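Quick look at coords29.cif (mmCIF, C-alpha atoms):
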```cif
data_my_file
#
loop_
_atom_site.label_atom_id
_atom_site.label_comp_id
_atom_site.auth_asym_id
_atom_site.auth_seq_id
_atom_site.Cartn_x
_atom_site.Cartn_y
_atom_site.Cartn_z
CA MET A 1 -33.93 -45.02 57.54
CA SER A 2 -36.10 -45.91 60.55
CA ARG A 3 -36.60 -49.53 61.60
CA ARG A 4 -40.23 -49.28 60.51
CA GLY A 5 -39.19 -47.89 57.12
CA ALA A 6 -36.66 -50.66 56.66
CA LEU A 7 -39.27 -53.30 57.41
CA ARG A 8 -41.64 -51.66 54.92
CA SER A 9 -38.91 -51.83 52.26
CA LEU A 10 -38.26 -55.49 52.96
CA GLY A 11 -41.96 -56.18 52.77
CA TRP A 12 -42.17 -54.44 49.39
CA ILE A 13 -39.25 -56.54 48.06
CA GLY A 14 -40.88 -59.71 49.36
CA ALA A 15 -44.17 -58.81 47.75
CA LEU A 16 -42.42 -58.11 44.47
CA ALA A 17 -40.64 -61.46 44.56
CA THR A 18 -43.89 -63.34 45.15
CA ALA A 19 -46.08 -61.32 42.78
CA PRO A 20 -47.70 -63.24 39.89
CA GLY A 21 -45.25 -63.51 37.02
CA ALA A 22 -42.32 -62.27 39.11
CA VAL A 23 -38.89 -63.71 38.40
CA ALA A 24 -36.98 -64.72 41.49
CA LEU A 25 -33.56 -63.08 41.75
CA GLU A 26 -30.75 -65.48 42.53
CA SER A 27 -27.01 -65.34 42.22
CA SER A 28 -26.80 -68.75 40.54
CA PRO A 29 -29.62 -69.17 37.99
CA THR A 30 -30.86 -72.66 37.32
CA PRO A 31 -28.80 -74.14 34.47
CA SER A 32 -30.59 -74.34 31.14
CA PRO A 33 -31.60 -77.82 29.99
CA ALA A 34 -29.41 -79.54 27.43
CA LEU A 35 -30.40 -79.32 23.79
CA PRO A 36 -32.34 -82.31 22.44
CA ASP A 37 -30.32 -85.04 20.76
CA PRO A 38 -29.65 -83.98 17.13
CA ALA A 39 -30.67 -87.49 16.07
CA LEU A 40 -34.24 -86.52 16.95
CA ARG A 41 -34.09 -83.72 14.38
CA LEU A 42 -33.18 -86.17 11.65
CA HIS A 43 -36.11 -88.50 12.38
CA GLU A 44 -38.78 -86.28 13.97
CA ALA A 45 -37.92 -82.73 13.03
CA GLU A 46 -41.11 -81.08 14.31
CA LYS A 47 -40.79 -82.79 17.67
CA TYR A 48 -37.17 -81.61 17.89
CA TRP A 49 -37.93 -77.96 17.15
CA THR A 50 -41.00 -78.02 19.43
CA ARG A 51 -38.78 -79.17 22.27
CA VAL A 52 -36.17 -76.51 21.48
CA ARG A 53 -38.78 -73.77 21.77
CA ALA A 54 -40.39 -75.19 24.91
CA GLU A 55 -37.14 -75.96 26.75
CA GLN A 56 -34.78 -73.23 25.56
CA PHE A 57 -37.01 -70.14 25.28
CA LEU A 58 -39.32 -68.23 27.60
CA LEU A 59 -41.91 -67.44 24.93
CA GLY A 60 -45.40 -68.10 26.22
CA GLU A 61 -47.36 -70.95 24.71
CA LYS A 62 -50.00 -68.55 23.40
CA ARG A 63 -47.52 -66.12 21.82
CA SER A 64 -47.00 -66.36 18.06
CA PHE A 65 -43.85 -64.39 17.31
CA LEU A 66 -43.41 -63.56 13.63
CA ASN A 67 -41.01 -60.62 13.82
CA PRO A 68 -37.43 -61.63 14.69
CA GLY A 69 -36.48 -59.40 11.75
CA SER A 70 -36.95 -56.46 14.15
CA LEU A 71 -35.67 -57.98 17.36
CA GLY A 72 -34.99 -61.61 18.11
CA VAL A 73 -35.75 -63.62 21.23
CA VAL A 74 -32.92 -64.61 23.56
CA PRO A 75 -32.82 -68.24 24.71
CA ARG A 76 -32.42 -69.34 28.30
CA PRO A 77 -28.62 -69.86 28.10
CA VAL A 78 -28.13 -66.28 26.93
CA LEU A 79 -30.37 -64.85 29.62
CA GLN A 80 -28.56 -66.99 32.17
CA LYS A 81 -25.17 -65.74 31.00
CA VAL A 82 -26.27 -62.10 31.23
CA ILE A 83 -27.60 -62.65 34.76
CA GLU A 84 -24.40 -64.42 35.79
CA SER A 85 -22.33 -61.59 34.35
CA GLN A 86 -24.38 -58.95 36.14
CA THR A 87 -24.09 -60.96 39.35
CA ARG A 88 -20.29 -61.05 39.06
CA GLN A 89 -20.33 -57.29 38.66
CA ALA A 90 -22.56 -56.82 41.69
CA GLU A 91 -20.40 -59.15 43.80
CA TRP A 92 -17.15 -57.80 42.33
CA SER A 93 -16.04 -61.43 42.34
CA THR A 94 -13.30 -60.88 39.76
CA ASP A 95 -10.14 -58.81 39.85
CA ASP A 96 -10.74 -57.84 36.21
CA LEU A 97 -12.85 -54.76 35.60
CA PRO A 98 -16.32 -56.10 34.65
CA ARG A 99 -16.89 -53.85 31.68
CA TRP A 100 -16.07 -53.23 28.06
CA GLY A 101 -15.30 -49.94 26.40
CA TYR A 102 -11.61 -49.89 27.25
CA GLU A 103 -10.80 -53.60 26.91
CA THR A 104 -10.02 -55.25 23.56
CA LEU A 105 -11.73 -58.59 24.38
CA GLU A 106 -9.22 -60.58 22.38
CA ASP A 107 -10.64 -64.05 23.00
CA GLU A 108 -14.22 -63.04 22.26
CA ARG A 109 -13.26 -61.23 19.07
CA ALA A 110 -11.20 -64.21 17.90
CA GLU A 111 -14.17 -66.55 18.38
CA MET A 112 -16.58 -64.25 16.57
CA ALA A 113 -14.07 -63.59 13.78
CA GLN A 114 -13.65 -67.31 13.19
CA PHE A 115 -17.42 -67.67 12.81
CA LEU A 116 -17.60 -64.73 10.38
CA GLY A 117 -14.56 -65.66 8.29
CA CYS A 118 -12.27 -62.74 9.08
CA GLN A 119 -9.26 -61.87 11.23
CA ARG A 120 -9.64 -60.84 14.85
CA GLU A 121 -7.77 -57.58 14.14
CA GLU A 122 -10.44 -56.65 11.58
CA LEU A 123 -13.41 -57.00 13.96
CA ALA A 124 -14.80 -54.64 16.60
CA PHE A 125 -17.85 -54.95 18.84
CA THR A 126 -20.32 -52.06 18.73
CA HIS A 127 -23.74 -51.43 20.25
CA ASN A 128 -25.69 -52.15 17.07
CA CYS A 129 -25.54 -52.15 13.30
CA THR A 130 -26.52 -48.49 12.99
CA GLU A 131 -23.55 -47.44 15.12
CA ALA A 132 -21.17 -49.52 13.01
CA ILE A 133 -22.48 -47.98 9.78
CA SER A 134 -22.22 -44.49 11.28
CA TYR A 135 -18.56 -45.12 12.14
CA VAL A 136 -17.86 -45.75 8.47
CA ALA A 137 -19.98 -42.89 7.17
CA ALA A 138 -18.36 -40.41 9.55
CA GLY A 139 -14.83 -41.82 9.44
CA LEU A 140 -13.91 -42.09 5.75
CA GLU A 141 -11.99 -39.30 4.07
CA LEU A 142 -14.46 -37.91 1.53
CA LYS A 143 -14.67 -34.46 -0.02
CA ALA A 144 -17.48 -32.39 -1.45
CA GLY A 145 -18.76 -33.92 -4.69
CA ASP A 146 -17.67 -37.48 -3.86
CA GLU A 147 -20.55 -39.86 -4.39
CA VAL A 148 -22.01 -42.60 -2.21
CA LEU A 149 -24.39 -45.04 -3.88
CA MET A 150 -27.07 -46.91 -1.97
CA THR A 151 -30.33 -48.62 -2.83
CA ASN A 152 -33.79 -47.14 -2.40
CA GLN A 153 -34.56 -49.89 0.12
CA GLU A 154 -32.07 -49.08 2.88
CA HIS A 155 -33.08 -48.96 6.53
CA PRO A 156 -32.79 -45.44 7.99
CA GLY A 157 -29.99 -46.76 10.19
CA GLY A 158 -28.08 -47.60 7.04
CA SER A 159 -28.74 -44.38 5.14
CA SER A 160 -28.90 -41.60 7.71
CA GLY A 161 -25.18 -41.54 8.50
CA TRP A 162 -24.45 -40.83 4.85
CA LYS A 163 -27.22 -38.22 4.63
CA ILE A 164 -25.81 -36.35 7.62
CA ARG A 165 -22.39 -36.46 5.96
CA ALA A 166 -23.91 -35.01 2.80
CA ALA A 167 -25.56 -32.20 4.75
CA ARG A 168 -22.33 -31.35 6.58
CA SER A 169 -19.60 -31.84 4.01
CA GLY A 170 -21.27 -31.79 0.60
CA ILE A 171 -20.85 -35.41 -0.50
CA VAL A 172 -23.53 -36.67 -2.87
CA VAL A 173 -25.82 -39.53 -1.89
CA ARG A 174 -27.54 -41.22 -4.81
CA GLU A 175 -30.11 -43.98 -4.56
CA VAL A 176 -30.31 -46.81 -7.05
CA GLU A 177 -33.85 -48.07 -7.51
CA ILE A 178 -34.10 -51.83 -7.16
CA PRO A 179 -37.33 -53.79 -7.57
CA LEU A 180 -39.20 -55.25 -4.62
CA SER A 181 -39.77 -58.43 -6.66
CA PRO A 182 -36.82 -58.92 -9.00
CA GLN A 183 -36.81 -61.75 -11.52
CA GLU A 184 -33.42 -63.12 -10.45
CA PRO A 185 -30.26 -62.05 -8.55
CA GLY A 186 -28.43 -60.96 -11.69
CA GLU A 187 -30.97 -58.17 -12.17
CA LEU A 188 -29.98 -56.71 -8.81
CA ALA A 189 -26.26 -56.96 -9.48
CA GLU A 190 -26.61 -55.32 -12.88
CA ARG A 191 -28.53 -52.35 -11.47
CA MET A 192 -26.01 -51.71 -8.74
CA ILE A 193 -22.86 -52.19 -10.81
CA SER A 194 -24.09 -50.18 -13.79
CA ALA A 195 -24.88 -47.24 -11.49
CA ILE A 196 -21.22 -46.78 -10.50
CA GLY A 197 -19.90 -43.57 -12.01
CA PRO A 198 -16.64 -41.59 -12.14
CA LYS A 199 -17.38 -39.80 -8.84
CA THR A 200 -18.54 -42.89 -6.93
CA ARG A 201 -16.32 -43.56 -3.93
CA VAL A 202 -18.51 -45.82 -1.78
CA LEU A 203 -21.25 -48.34 -2.45
CA SER A 204 -23.32 -48.85 0.72
CA PHE A 205 -26.12 -51.41 0.60
CA SER A 206 -27.95 -54.08 2.57
CA GLY A 207 -26.97 -57.70 2.12
CA ILE A 208 -30.56 -58.62 2.94
CA THR A 209 -32.96 -55.70 2.66
CA SER A 210 -35.00 -54.60 5.65
CA PRO A 211 -38.33 -53.81 3.90
CA THR A 212 -38.83 -57.25 2.32
CA GLY A 213 -35.94 -59.58 3.19
CA LEU A 214 -34.58 -59.58 -0.35
CA VAL A 215 -31.20 -61.34 -0.54
CA MET A 216 -28.69 -59.33 -2.56
CA PRO A 217 -25.81 -60.89 -4.60
CA VAL A 218 -23.25 -59.34 -2.26
CA ALA A 219 -20.07 -61.02 -3.48
CA GLU A 220 -20.74 -60.18 -7.13
CA ILE A 221 -21.46 -56.53 -6.35
CA CYS A 222 -18.44 -56.13 -4.06
CA ARG A 223 -16.09 -57.75 -6.58
CA ALA A 224 -17.22 -55.41 -9.36
CA ALA A 225 -16.96 -52.36 -7.10
CA ARG A 226 -13.41 -53.22 -6.05
CA ASP A 227 -12.40 -53.65 -9.67
CA GLN A 228 -13.45 -50.01 -10.16
CA GLY A 229 -11.72 -48.74 -7.02
CA VAL A 230 -14.97 -48.25 -5.09
CA LEU A 231 -15.23 -49.10 -1.39
CA THR A 232 -18.15 -51.25 -0.23
CA LEU A 233 -20.07 -51.18 3.04
CA VAL A 234 -22.56 -54.01 3.59
CA ASP A 235 -25.39 -53.50 6.04
CA GLY A 236 -25.51 -57.08 7.33
CA ALA A 237 -28.15 -56.60 10.03
CA HIS A 238 -30.20 -59.46 8.56
CA MET A 239 -27.30 -61.61 7.42
CA ASP A 240 -25.47 -62.92 10.47
CA GLY A 241 -27.55 -65.79 11.80
CA GLN A 242 -29.88 -66.01 8.78
CA ILE A 243 -27.38 -67.07 6.10
CA PRO A 244 -23.76 -68.25 6.18
CA VAL A 245 -21.41 -65.25 6.31
CA ASN A 246 -17.77 -65.47 5.28
CA LEU A 247 -16.50 -61.92 5.07
CA ARG A 248 -13.37 -62.75 3.11
CA GLU A 249 -15.42 -64.57 0.50
CA LEU A 250 -17.96 -61.74 0.32
CA GLY A 251 -15.13 -59.34 -0.49
CA CYS A 252 -16.64 -56.26 1.14
CA ASP A 253 -14.47 -53.54 2.64
CA PHE A 254 -16.76 -52.94 5.61
CA PHE A 255 -19.56 -54.95 7.21
CA ALA A 256 -22.00 -53.99 9.96
CA GLY A 257 -23.77 -56.76 11.86
CA SER A 258 -26.65 -57.02 14.29
CA PRO A 259 -26.50 -60.24 16.37
CA HIS A 260 -29.66 -59.38 18.32
CA LYS A 261 -31.86 -60.21 15.32
CA TRP A 262 -30.87 -63.70 14.20
CA MET A 263 -27.96 -64.79 16.43
CA PHE A 264 -29.88 -65.04 19.72
CA ALA A 265 -27.97 -62.14 21.30
CA PRO A 266 -29.43 -59.58 23.72
CA ALA A 267 -30.25 -56.12 22.44
CA GLY A 268 -27.38 -53.65 22.56
CA CYS A 269 -24.62 -55.40 20.64
CA GLY A 270 -23.34 -55.05 17.09
CA LEU A 271 -20.39 -55.81 14.84
CA LEU A 272 -18.03 -53.72 12.73
CA TYR A 273 -15.68 -55.41 10.25
CA GLY A 274 -13.10 -53.58 8.22
CA ARG A 275 -10.88 -55.30 5.68
CA GLY A 276 -7.29 -54.58 6.75
CA GLU A 277 -6.33 -51.99 4.15
CA ALA A 278 -9.73 -50.31 4.24
CA LEU A 279 -9.82 -50.21 8.03
CA ASP A 280 -6.62 -48.16 8.08
CA ARG A 281 -8.46 -45.43 6.15
CA LEU A 282 -11.16 -45.06 8.80
CA TRP A 283 -11.09 -42.38 11.53
CA PRO A 284 -12.79 -43.18 14.87
CA SER A 285 -15.80 -41.02 15.73
CA VAL A 286 -15.81 -41.78 19.47
CA CYS A 287 -12.32 -41.37 20.88
CA ASN A 288 -10.27 -42.62 23.77
CA SER A 289 -6.64 -43.61 24.17
CA GLY A 290 -5.28 -45.46 21.15
CA TRP A 291 -7.32 -43.63 18.55
CA ASP A 292 -4.08 -42.57 16.81
CA ASN A 293 -2.49 -46.02 16.82
CA PRO A 294 -4.16 -47.93 13.96
CA ALA A 295 -1.23 -50.31 13.50
CA GLY A 296 -1.29 -51.32 17.15
CA LEU A 297 -5.00 -51.57 17.86
CA HIS A 298 -6.57 -52.19 14.45
CA ALA A 299 -10.36 -52.54 14.77
CA THR A 300 -10.28 -52.10 18.54
CA ARG A 301 -9.79 -48.37 17.99
CA PHE A 302 -13.58 -48.43 17.53
CA MET A 303 -14.12 -50.13 20.88
CA MET A 304 -12.33 -47.52 22.98
CA ILE A 305 -15.57 -45.72 23.79
CA GLY A 306 -15.68 -45.52 27.58
CA THR A 307 -17.34 -47.72 30.17
CA ASN A 308 -20.03 -50.03 28.81
CA ASN A 309 -22.01 -53.05 29.91
CA ARG A 310 -19.84 -56.17 29.59
CA SER A 311 -22.87 -58.39 30.27
CA ILE A 312 -24.21 -57.62 26.80
CA ILE A 313 -21.01 -58.94 25.23
CA ASP A 314 -21.13 -62.03 27.44
CA GLY A 315 -24.69 -62.57 26.26
CA MET A 316 -23.71 -62.10 22.63
CA MET A 317 -21.03 -64.76 22.92
CA ALA A 318 -23.52 -67.10 24.60
CA GLY A 319 -25.87 -66.52 21.67
CA LEU A 320 -23.11 -67.40 19.21
CA ARG A 321 -22.34 -70.60 21.11
CA PHE A 322 -26.03 -71.49 21.25
CA LEU A 323 -26.23 -71.11 17.46
CA LYS A 324 -23.12 -73.24 16.98
CA ALA A 325 -24.45 -75.90 19.36
CA LEU A 326 -27.67 -76.17 17.35
CA GLY A 327 -25.70 -76.29 14.10
CA PRO A 328 -25.86 -73.16 11.92
CA GLU A 329 -26.84 -75.06 8.78
CA ALA A 330 -29.72 -76.74 10.63
CA VAL A 331 -30.88 -73.33 11.86
CA TYR A 332 -30.69 -71.75 8.41
CA ALA A 333 -32.59 -74.67 6.90
CA ARG A 334 -35.34 -74.51 9.52
CA GLN A 335 -35.77 -70.76 9.07
CA HIS A 336 -36.11 -71.17 5.32
CA GLN A 337 -38.53 -74.07 5.70
CA LEU A 338 -40.81 -71.87 7.79
CA ALA A 339 -40.56 -69.01 5.28
CA GLN A 340 -41.52 -71.44 2.55
CA LEU A 341 -44.62 -72.40 4.57
CA ILE A 342 -45.57 -68.71 4.65
CA GLN A 343 -44.99 -68.61 0.91
CA ARG A 344 -47.33 -71.56 0.26
CA ARG A 345 -50.09 -70.23 2.50
CA THR A 346 -49.87 -66.81 0.85
CA ARG A 347 -50.28 -68.25 -2.61
CA GLU A 348 -53.37 -70.16 -1.53
CA ARG A 349 -55.25 -66.93 -0.80
CA SER A 350 -56.64 -64.63 -3.45
CA TYR A 351 -56.86 -61.65 -1.09
CA LEU A 352 -53.08 -61.69 -0.67
CA GLU A 353 -50.41 -60.68 -3.16
CA PRO A 354 -46.91 -62.18 -2.87
CA VAL A 355 -44.12 -59.62 -2.87
CA THR A 356 -41.30 -62.14 -2.39
CA ARG A 357 -40.47 -64.23 -5.44
CA ASP A 358 -40.50 -68.03 -5.33
CA ASP A 359 -36.77 -68.14 -6.11
CA SER A 360 -35.00 -69.33 -2.92
CA ARG A 361 -31.90 -67.40 -3.94
CA LEU A 362 -33.86 -64.22 -3.23
CA PHE A 363 -35.20 -64.98 0.27
CA ARG A 364 -34.33 -67.06 3.30
CA ALA A 365 -36.11 -66.48 6.63
CA ILE A 366 -38.21 -63.44 5.65
CA TYR A 367 -41.23 -63.53 3.37
CA THR A 368 -43.22 -60.45 2.38
CA LEU A 369 -46.81 -60.26 1.21
CA ARG A 370 -49.29 -57.49 0.52
CA PHE A 371 -52.91 -57.28 1.59
CA LYS A 372 -55.08 -56.26 -1.33
CA GLU A 373 -57.50 -54.51 1.03
CA SER A 374 -56.38 -51.28 2.68
CA GLU A 375 -58.73 -51.22 5.70
CA LEU A 376 -57.02 -53.59 8.10
CA SER A 377 -57.65 -52.12 11.56
CA ALA A 378 -60.01 -54.91 12.62
CA LEU A 379 -57.56 -57.56 11.39
CA PHE A 380 -54.66 -56.06 13.34
CA LYS A 381 -56.87 -55.74 16.43
CA THR A 382 -57.61 -59.46 16.30
CA MET A 383 -53.93 -60.25 15.74
CA LYS A 384 -53.12 -58.38 18.94
CA GLU A 385 -55.89 -60.12 20.86
CA ARG A 386 -54.60 -63.50 19.66
CA GLN A 387 -51.03 -62.53 20.70
CA ILE A 388 -49.76 -62.82 17.13
CA TYR A 389 -46.81 -60.44 17.03
CA ILE A 390 -46.25 -58.89 13.58
CA LEU A 391 -45.44 -55.58 11.97
CA GLY A 392 -48.31 -53.39 10.90
CA GLY A 393 -49.04 -52.14 7.42
CA GLN A 394 -50.59 -53.19 4.15
CA ARG A 395 -47.29 -54.70 3.08
CA GLN A 396 -46.52 -57.34 5.66
CA ARG A 397 -43.00 -58.64 6.35
CA LEU A 398 -43.18 -61.97 8.17
CA SER A 399 -40.02 -63.52 9.57
CA ALA A 400 -39.32 -66.81 11.29
CA ASN A 401 -36.62 -68.22 13.51
CA ILE A 402 -36.37 -71.61 15.20
CA TYR A 403 -38.76 -70.59 17.99
CA THR A 404 -41.43 -69.89 15.38
CA ARG A 405 -43.84 -72.84 15.13
CA PRO A 406 -45.81 -73.88 12.06
CA SER A 407 -48.90 -73.35 14.24
CA ASP A 408 -47.88 -69.70 14.72
CA ILE A 409 -47.91 -69.24 10.95
CA GLU A 410 -51.22 -71.04 10.61
CA ALA A 411 -52.70 -68.81 13.33
CA PHE A 412 -51.73 -65.71 11.33
CA PHE A 413 -53.50 -67.00 8.22
CA GLU A 414 -56.56 -68.11 10.23
CA VAL A 415 -57.03 -64.51 11.37
CA CYS A 416 -56.51 -63.30 7.82
CA ASP A 417 -59.20 -65.71 6.61
CA GLN A 418 -61.55 -64.59 9.37
CA HIS A 419 -61.39 -60.98 8.23
CA LEU A 420 -60.60 -61.09 4.50
CA LYS A 421 -61.83 -64.34 3.00
CA ARG A 422 -64.91 -63.88 0.85
#
```
What's the structure tokens form of this structure?
Amino acid sequence: MSRRGALRSLGWIGALATAPGAVALESSPTPSPALPDPALRLHEAEKYWTRVRAEQFLLGEKRSFLNPGSLGVVPRPVLQKVIESQTRQAEWSTDDLPRWGYETLEDERAEMAQFLGCQREELAFTHNCTEAISYVAAGLELKAGDEVLMTNQEHPGGSSGWKIRAARSGIVVREVEIPLSPQEPGELAERMISAIGPKTRVLSFSGITSPTGLVMPVAEICRAARDQGVLTLVDGAHMDGQIPVNLRELGCDFFAGSPHKWMFAPAGCGLLYGRGEALDRLWPSVCNSGWDNPAGLHATRFMMIGTNNRSIIDGMMAGLRFLKALGPEAVYARQHQLAQLIQRRTRERSYLEPVTRDDSRLFRAIYTLRFKESELSALFKTMKERQIYILGGQRQRLSANIYTRPSDIEAFFEVCDQHLKR
């Protein structure tokens, strides 16, 4: 490169660094502020959570974010950890290879396993929940005619792996219809358990459904399935970080998690749990050395996938520690409190129809409503203009995490009133 060209490049970099909204690149990011004193939460809860959002997240003041059910927001400590990890890689400041995909990450898996109530040897890190489910769907020994049961409310990431298996090898996938608004959890358990037949080999279902946030009676269903010799796979994409998860108590054979929704993790990380005996029955779909050594590597057979970005795992662990520092029970309670506010505001408006039942056993941080009117383009246009981030559609799934403010919820209903109130 000529001297003039080099100077032009440096000028471009300088302009980029000083451009409006640019983030300065630095090898040692400014440490995140400490969390507010938990005593403040006990006496002035709204002030506490307002400070958490303002000090720990980069969300703009004008942004109302009501969709962590699709993708959550990482806090400053997580972003900082990812940057630090990437910086170590760029500097090659460690003698350890700065990657994952060959490494078993023993310490990280032990910490996550303790949080989820399982053994380290039963837990693998994946890229997302869909990948974890696909490992199970592709890896179990099933023959033509064997049946997999699932609900009619599964996310495509939870159902497609089984549908591909059906197309390729002739297994049967059967959907059990469950109501969007059940009367009580026992109704859901009865539908699932009674659908098990003589050819059923696997029951694959969401612990919290994606379309509406309906909480399923997971432990009851898994216990009944095991009694009948049926394996269970729980799509837990909405569970970890929204409700307490103890995998041993749930009794499932497999569990797929998605920390980037509710556990403050960056996108690109997931979890695969396999109960010891069940895990031994699972073949890896992506292979590297150790694929044929289940006794030696256990769940890490599903992590031997080739070079991957270690910074994502570092960020995931920072997200877990952020959640633990806040106090998981406090986080779960705050999420549910906000969902209950959505519930109350929905019921105050005649142009809205609640989909989620009032029973708190059936919902936690997600509440679903339905607009009675079908022409909503003007409403959604105003939502976008007001920077209120939601899903589209006549049936509206609203979700809330700790960075969601009551004022964000009120802003949503103000726009609804503006367009729909008569």
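Across A:Ser407, A:Gln337, A:Gln387, A:Gln183, the tightest approach to Ala45 (chain A) is made by A:Gln337 when counting all atoms listed in the file.
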Return the padded bounding box of region 197-212 of chain A as lines of an AutoDock Vina configuration file: axis-aligned, built from all atoms listed in the file, 3 Å added on each side, with centre and edge lengths in Å to one decimal.
```
center_x = -27.6
center_y = -49.2
center_z = -3.2
size_x = 28.5
size_y = 24.8
size_z = 23.8
```
Nearest to Leu326 (chain A), chosen from A:Phe264, A:Trp100, A:Phe125, A:Trp291, with all atoms listed in the file counted in the distances: A:Phe264
Residue contacts of region 203-205 of chain A (6 Å, all atoms listed in the file) excluding same-chain residues fewer than 5 positions away, as a PyMOL selection string: chain A and resi 148-150+232-235
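With all atoms listed in the file taken into account, every residue lying no more than 10 Å from the file point (-11.4, -54.1, 28.1) is included here: Asp96, Leu97, Pro98, Arg99, Trp100, Gly101, Tyr102, Glu103, Thr104, Leu105, Glu106, Thr300, Met303, Met304, Gly306, Thr307, Asn308 and Arg310 of chain A.
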Non-local contacts of Tyr332 (chain A) (7 Å; all atoms listed in the file; under 3 positions in same chain excluded) as a VMD selection string: chain A and resid 242 to 243 328 to 329 335 to 336
Residues in the PyMOL selection byres ((chain A and resi 220) around 12), expressed as a PyMOL selection string: chain A and resi 185-193+207+216-219+221-227+232+249-252
Within 12 Å of Asn401 (chain A) using only C-alpha atoms, minus same-chain residues under 3 positions, as an MDAnalysis selection string: chainID A and resid 49 52:53 57 64:75 238 241:243 261:264 323 328 330:339 364:366 398 404:406 408:409
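Using the PyMOL selection byres ((chain A and resi 214) around 10) on the file at hand returns these residues: Gln153, Pro179, Leu180, Ser181, Pro182, Pro185, Ser206, Gly207, Ile208, Thr209, Ser210, Pro211, Thr212, Gly213, Val215, Met216, Pro217, His238, Val355, Thr356, Arg357, Arg361, Leu362, Phe363, Arg364, Ala365, Ile366, Tyr367 and Thr368 of chain A.
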Export of prior selection with C-alpha atoms as a PDB file, in the coordinates of the input:
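For reference, again37.pdb as written:
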```
ATOM      1  CA  GLN A 153     -34.560 -49.890   0.120  1.00  0.00           C
ATOM      2  CA  PRO A 179     -37.330 -53.790  -7.570  1.00  0.00           C
ATOM      3  CA  LEU A 180     -39.200 -55.250  -4.620  1.00  0.00           C
ATOM      4  CA  SER A 181     -39.770 -58.430  -6.660  1.00  0.00           C
ATOM      5  CA  PRO A 182     -36.820 -58.920  -9.000  1.00  0.00           C
ATOM      6  CA  PRO A 185     -30.260 -62.050  -8.550  1.00  0.00           C
ATOM      7  CA  SER A 206     -27.950 -54.080   2.570  1.00  0.00           C
ATOM      8  CA  GLY A 207     -26.970 -57.700   2.120  1.00  0.00           C
ATOM      9  CA  ILE A 208     -30.560 -58.620   2.940  1.00  0.00           C
ATOM     10  CA  THR A 209     -32.960 -55.700   2.660  1.00  0.00           C
ATOM     11  CA  SER A 210     -35.000 -54.600   5.650  1.00  0.00           C
ATOM     12  CA  PRO A 211     -38.330 -53.810   3.900  1.00  0.00           C
ATOM     13  CA  THR A 212     -38.830 -57.250   2.320  1.00  0.00           C
ATOM     14  CA  GLY A 213     -35.940 -59.580   3.190  1.00  0.00           C
ATOM     15  CA  VAL A 215     -31.200 -61.340  -0.540  1.00  0.00           C
ATOM     16  CA  MET A 216     -28.690 -59.330  -2.560  1.00  0.00           C
ATOM     17  CA  PRO A 217     -25.810 -60.890  -4.600  1.00  0.00           C
ATOM     18  CA  HIS A 238     -30.200 -59.460   8.560  1.00  0.00           C
ATOM     19  CA  VAL A 355     -44.120 -59.620  -2.870  1.00  0.00           C
ATOM     20  CA  THR A 356     -41.300 -62.140  -2.390  1.00  0.00           C
ATOM     21  CA  ARG A 357     -40.470 -64.230  -5.440  1.00  0.00           C
ATOM     22  CA  ARG A 361     -31.900 -67.400  -3.940  1.00  0.00           C
ATOM     23  CA  LEU A 362     -33.860 -64.220  -3.230  1.00  0.00           C
ATOM     24  CA  PHE A 363     -35.200 -64.980   0.270  1.00  0.00           C
ATOM     25  CA  ARG A 364     -34.330 -67.060   3.300  1.00  0.00           C
ATOM     26  CA  ALA A 365     -36.110 -66.480   6.630  1.00  0.00           C
ATOM     27  CA  ILE A 366     -38.210 -63.440   5.650  1.00  0.00           C
ATOM     28  CA  TYR A 367     -41.230 -63.530   3.370  1.00  0.00           C
ATOM     29  CA  THR A 368     -43.220 -60.450   2.380  1.00  0.00           C
TER      30      THR A 368
END
```
Option closest in space to Lys62 (chain A), from A:Lys384, A:Arg41, A:Arg248, A:Arg88 [counting only C-alpha atoms]: A:Lys384
Given the file shown, determine the residues that the PyMOL selection byres ((chain A and resi 32) around 8) selects; report them as a CSV table (one decimal) with C-alpha atoms, in the frame of the given file.
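Contents of part-v4.csv, freshly written:
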```csv
chain,number,residue,atom,x,y,z
A,30,THR,CA,-30.9,-72.7,37.3
A,31,PRO,CA,-28.8,-74.1,34.5
A,33,PRO,CA,-31.6,-77.8,30.0
A,34,ALA,CA,-29.4,-79.5,27.4
A,56,GLN,CA,-34.8,-73.2,25.6
A,76,ARG,CA,-32.4,-69.3,28.3
A,77,PRO,CA,-28.6,-69.9,28.1
A,80,GLN,CA,-28.6,-67.0,32.2
```
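For the set A:Asp314, A:Pro284, A:Ser350, A:Arg397, the residue with the smallest atom-to-atom gap to Gly139 (chain A) is A:Pro284, counting only C-alpha atoms.
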Surrounding residues of Glu277 (chain A) excluding itself and chain neighbours under 2 positions, 12 Å, only C-alpha atoms, as number ranges by chain: A: 121-122, 231, 252-254, 273-275, 279-282, 294-295, 298-299
CA of Leu271 (chain A) to CA of Leu247 (chain A), straight-line distance in Å: 12.2 Å
Nearest candidate to Cys269 (chain A) (options A:His127, A:Arg301, A:Arg321, A:His419; using all atoms listed in the file): A:His127
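Distance-wise, CA of Arg344 (chain A) and CA of Leu379 (chain A) end up 20.6 Å apart.
Residues with any atom within 6 Å of Ser258 (chain A), counting all atoms listed in the file and excluding same-chain neighbours fewer than 3 positions away, are Asn128, Cys129, Ala237 and Gly270 of chain A.
One distance worth recording is that between CA of Leu79 (chain A) and CA of Thr126 (chain A), which is 19.6 Å.
Among the candidates A:Ile178, A:Ala411, A:Cys416, A:Ile305, the residue lying nearest to Tyr351 (chain A) is A:Cys416 (atoms considered: only C-alpha atoms).
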